[in-house]
Amino acid sequence: KCLCLWQIFLSSDIILPRKLLPAAQQILGVLMRASVALISVTIAVLLLYLLNVTQIQKILGESNCDQDKVLHLERKVLQQMRLLNEAEQRAKTLQHIKDDILTELEQYREATIQDAGTLGHVNQTRAKLASRLWQVQTPIGVLVLTYKRPHYLHKTMEYIFEYLPPDNYVVVISQDGDHNETKVKIDEWRQKSRRMFSRDILHIQRLDRPDPPLEDLRVNKQTESYFQISQHYKFALSYMFDTLQLRSVIIIEDDIEISPDFFSYFERFQPLLLNDPTVYCISAFHDNSRQGLVEDQNAVVRSHFFPGLGWMISRVLWAELAPKWPLAYWDDWMRDNAQRLGRDCIRPEVSRSITFGVEGASSGSHSTYYDMFWNKMIKNRDPVDWAAYPIEKLDRDEFDRRFIERVRSALLISSSKDIVNYQGKVLLLMYATRDEFENLALPLGLVHEWTHQPRASYYDTVEFRRNGNWVILAPGNIESTLLDLERRLKKATK
């Protein structure tokens with residue numbers, strides 16, 4: 001049958017590219033060898049069967065043999081029959097494969113004859129799908145940093161495993177030190193993960209915790225804590241990128257509560273981080289995500305301020321930052337333009353992460369800050385279909401055009417008290433100095449802290465909602481900034 005099939009194939013009008021002919025010949029050759037092997041196995045099994053039957057008759061007729069030997073021979077015969085049945089099943093499977101191959105060859109011939117352009121489109125689509133599949137199959141790292149707050153860690157892990165997708169993520173808990181209760185809590189979660197989710201959690205420990213260098217840091221209790229935190233970050237990120245060789249990592253500290261669409265948010269905007277050189281990081285946190293200041297759960301913006309508190313970093317950025325990683329205060333260091341280099345962070349209007357960490361290295365002044373701002377934050381609770389988000393809206397040029405238009409069209413007001421006199425308007429409120437910004441921000445409920453730039457700002461401009469209005473709190477030199485942006489956009493279009 002295979003020889004006949006080969007002859008029919010050669011005499012048919014099937015048009016194949018020259019590259020496919022060796023593959024077709026190889027497939028038919030395999031089918032021929034399989035058929036010959038099947039015939040050989042069949043003959044051997046039949047001969048063995050006849051031989052065994054003859055032996056049984058001889059034993060029964062001539063010598064009244066022991067019954068156990070007869071049963072043994074019968075079992076051998078049955079075993080050979082099973083092998084024959086399995087060979088027949090394999091032959092049927094090969095036949096199905098052959099039929100499928102011939103069907104695909106015929107479809108290919110028809111597609112080639114009818115429309116070569118369509119075939120090219122199919123190949124392009126296939127290449128895009130293969131690229132997308134490679135991206136999907138490349139796991140995203142989830143790095144959970146902890147020290148000695150096991151009760152905090154437990155709460156954070158509950159949120160993570162409530163919303164973590166089943167595939168495409170590598171979860172690592174990095175423990176700073178050897179605090180036993182924290183280690184026990186990590187072991188509990190590892191066991192729970194294996195039992196309930198059929199996935200393992202990697203546990204790494206930074207056991208070497210040297211004292212901070214006296215010549216480089218003015219050492220006090222708080223500075224030492226920030227030194228250890230910064231070195232823990234370096235230790236953990238080195239493991240994620242240098243050892244695990246991941247392309248991107250989501251960093252979650254052990255006092256973070258996340259939203260239901262936290263992970264799908266990062267999945268959607270990861271391509272920006274990996275492919276857009278103007279993007280510094282992706283963050284789920286918005287410093288001003290408080291009731292009355294935010295509203296649109298679908299809105300995502302660019303910001304010059306590095307938020308942290310649930311953020312994604314790429315391996316490319318880590319390779320850039322690792323050699324000069326700071327001894328302490330790593331987050332403020334990340335906000336310095338010497339590291340940011342004019343790049344932007346992507347963040348949502350309504351935060352996808354909030355912190356409940358009133359205890360920690362920043363206890364004291366941080367406690368006051370927590371009561372004023374972090375304790376009043378809101379996070380999104382209704383999942384957004386991020387897969388449908390038009391990611392081109394965050395292209396820098398497109399985003400800047402809309403930023404210019406929004407500021408230019410805003411209605412200028414002289415005082416924050418005037419906001420209540422308007423409804424559904426875009427309002428512009430100006431400040432001249434850093435002190436004036438802080439005096440305006442605090443009564444409005446905005447975080448007034450200024451670290452290299454105002455929190456959540458873009459070109460030192462903070463935008464928020466108030467009394468149904470969209471309010472823009474901008475520096476006095478905003479017009480100069482807009483002119484610079486227009487010149488850059490005009491140059492980019494040439």
# chains A, B, ... in the order shown; residues from 1 in each chain; ligands from 1
>>> residues_around(residues="A:Asp261", least_positions_apart="4", cutoff="12 Å", atoms="only C-alpha atoms", output="list in words")
Tyr159, Ile160, Glu162, Tyr163, Leu164, Pro165, Tyr265, Phe266, Glu267, Arg268, Ala284, Gln297, Asn298, Pro348, Val350, Ser351, Arg352, Ser353, Lys379, Asn380, Arg381, Asp382, Pro383, Val384, Asp385, Trp386 and Ala387 of chain A
>>> residues_around(residues="stretch 399-412 of chain A", least_positions_apart="2", cutoff="6 Å", atoms="only C-alpha atoms", output="number ranges by chain")
A: 394-397, 426-428
>>> atom_distance(atom1="atom CA of A:Asp287", atom2="atom CA of A:Leu153")
22.2 Å
>>> select_by_dssp(residues="stretch 383-457 of chain A", states="strand (DSSP E or B)", output="PyMOL selection string")
chain A and resi 411-413+426-431+450-451+453-454
>>> closest_residue(among="A:Asp332, A:Glu320, A:Glu158, A:Glu253", to="A:His452", atoms="only C-alpha atoms")
A:Asp332
>>> residues_around(residues="A:His154", least_positions_apart="2", cutoff="12 Å", atoms="only C-alpha atoms", output="PyMOL selection string")
chain A and resi 144+146+148-152+156-161+173+181-190+192+253-257
>>> atom_distance(atom1="atom CA of A:Lys376", atom2="atom CA of A:Ser283")
19.1 Å
>>> closest_residue(among="A:Leu321, A:Ala441, A:Leu429, A:Ile252", to="A:Ile478", atoms="only C-alpha atoms")
A:Leu429
>>> closest_residue(among="A:Asp484, A:Glu295, A:Asp276, A:Asp242", to="A:Ala319", atoms="only C-alpha atoms")
A:Asp242
>>> select_by_dssp(residues="stretch 237-450 of chain A", states="helix (DSSP H, G or I)", output="VMD selection string")
chain A and resid 237 to 243 262 to 275 315 to 324 330 to 335 337 to 340 365 to 372 374 to 376 386 to 388 391 to 394 396 to 409 416 to 421 434 to 444
>>> closest_residue(among="A:Arg466, A:Arg209, A:Arg315, A:Arg195", to="A:Ser238", atoms="only C-alpha atoms")
A:Arg315
